[in-house]
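A short write-up of the structure that comes next.
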Amino acid sequence: MIKAMIVDDEPQICELLRKMVERQPDYEVVAECGSFSQAVVEFSRKRPDVAFVDIDLNGENGLECAKVFTELNPKVKIIFATAHSEYMANAFEIYAFDYLVKPFNMERVVRTLQRIRGDREENNFQERIAQSEQHKGKLLIKGKERAYLIDAAEIILVERVEGATNIVTRTENFRTSISLSEMEEKLKAMDFMRCHKSYLVNLTKISRIEPYGRWTYIVKFRETDATALMTAQNFEEVKRLFA
């Protein structure tokens with residue numbers, strides 16, 4: 001079930017939203033709150049997946065309430081449901097999933113709930129694929145518009161470039177928002193080394209390592225023109241590994 005929470009100081013609005021939400025398959029409303037403090041307590045207890053939040057909670061700031069929710073659970077879907085359309089830009093700075101203006105458009109609310117359910121089903125599907133393929137040495141990597149199933153043994157290097165992670169293989173590059181630390185965790189059972197703060201390399205693909213300044217080395221590979229940097233400390237570790 002998808003757990004939803006409603007934060008609004010108007011009981012009739014809470015009732016209306018609850019009826020809308022619970023008419024949708026796979027949804028249940030686990031909490032209804034009318035104040036900032038009560039909402040934070042209930043959010044911590046019930047851990048909802050979705051939170052409908054009014055901007056004005058009887059004089060309290062619903063935007064700040066939503067910020068607390070995202071700090072407690074960065075994956076929560078925040079839907080602002082309010083009469084104040086002028087706060088829309090501020091709301092999306094908090095990564096709001098949607099912004100509904102009172103009086104609510106029923107079809108808009110339904111589409112929003114369906115979209116959340118669709119995203120959840122897609123994520124669950126991708127997680128099942130990742131689990132089933134893990135023992136086969138494959139990685140499921142999410143790109144901006146699609147997911148890629150990559151043979152881990154074909155990865156030559158992984159680099160952090162312009163706020164994104166670039167995965168280099170012999171035939172193709174893949175760009176993803178996954179952090180370098182997450183990739184390091186995924187590849188920890190294989191022959192990969194975090195050789196620099198911005199690079200993760202497949203040790204079996206290295207052709208040579210050359211000096212590049214006083215404390216840094218440049219790593220070259222057999223199957224790509226791409227290169228990586230390596231710290232002097234990690235170079236000493238490589239020498240020990242292959243001694």
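By order in the structure tokens, chains are A, B, ...; within a chain, residues start at 1; ligands start at 1, following the order shown.
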Problem - Those in segment 43-215 of chain A with strand (DSSP E or B) from DSSP, as a ChimeraX atom specification - result: /A:50-53,56-57,60-61,77-82,98-101,138-142,147-151,155-161,164-169,173-176,192-196,199-202,206-211
Handout entry: Residues within 10 Å of Lys77 of chain A, only C-alpha atoms, excluding chain neighbours under 4 positions, as JSON, numbers by chain
Key = {"A": [4, 48, 49, 50, 51, 52, 66, 69, 70, 73, 95, 96, 97, 98, 116]}
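When only C-alpha atoms are used to compute distances to Ser198 of chain A, the closest of the residues A:Asp151, A:Glu10, A:Glu32, A:Glu184 turns out to be A:Glu184.
Neighbours of Asp26 of chain A closer than or equal to 7 Å, with only C-alpha atoms counted and sequence neighbours fewer than 2 positions away skipped, come out as A:Met1, A:Ile2, A:Gln24, A:Glu28.
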Handout entry: Distance of atom CA of Met230 of chain A from atom CA of Thr216 of chain A, expressed in Å to one decimal place
Key =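 The value is 5.8 Å.
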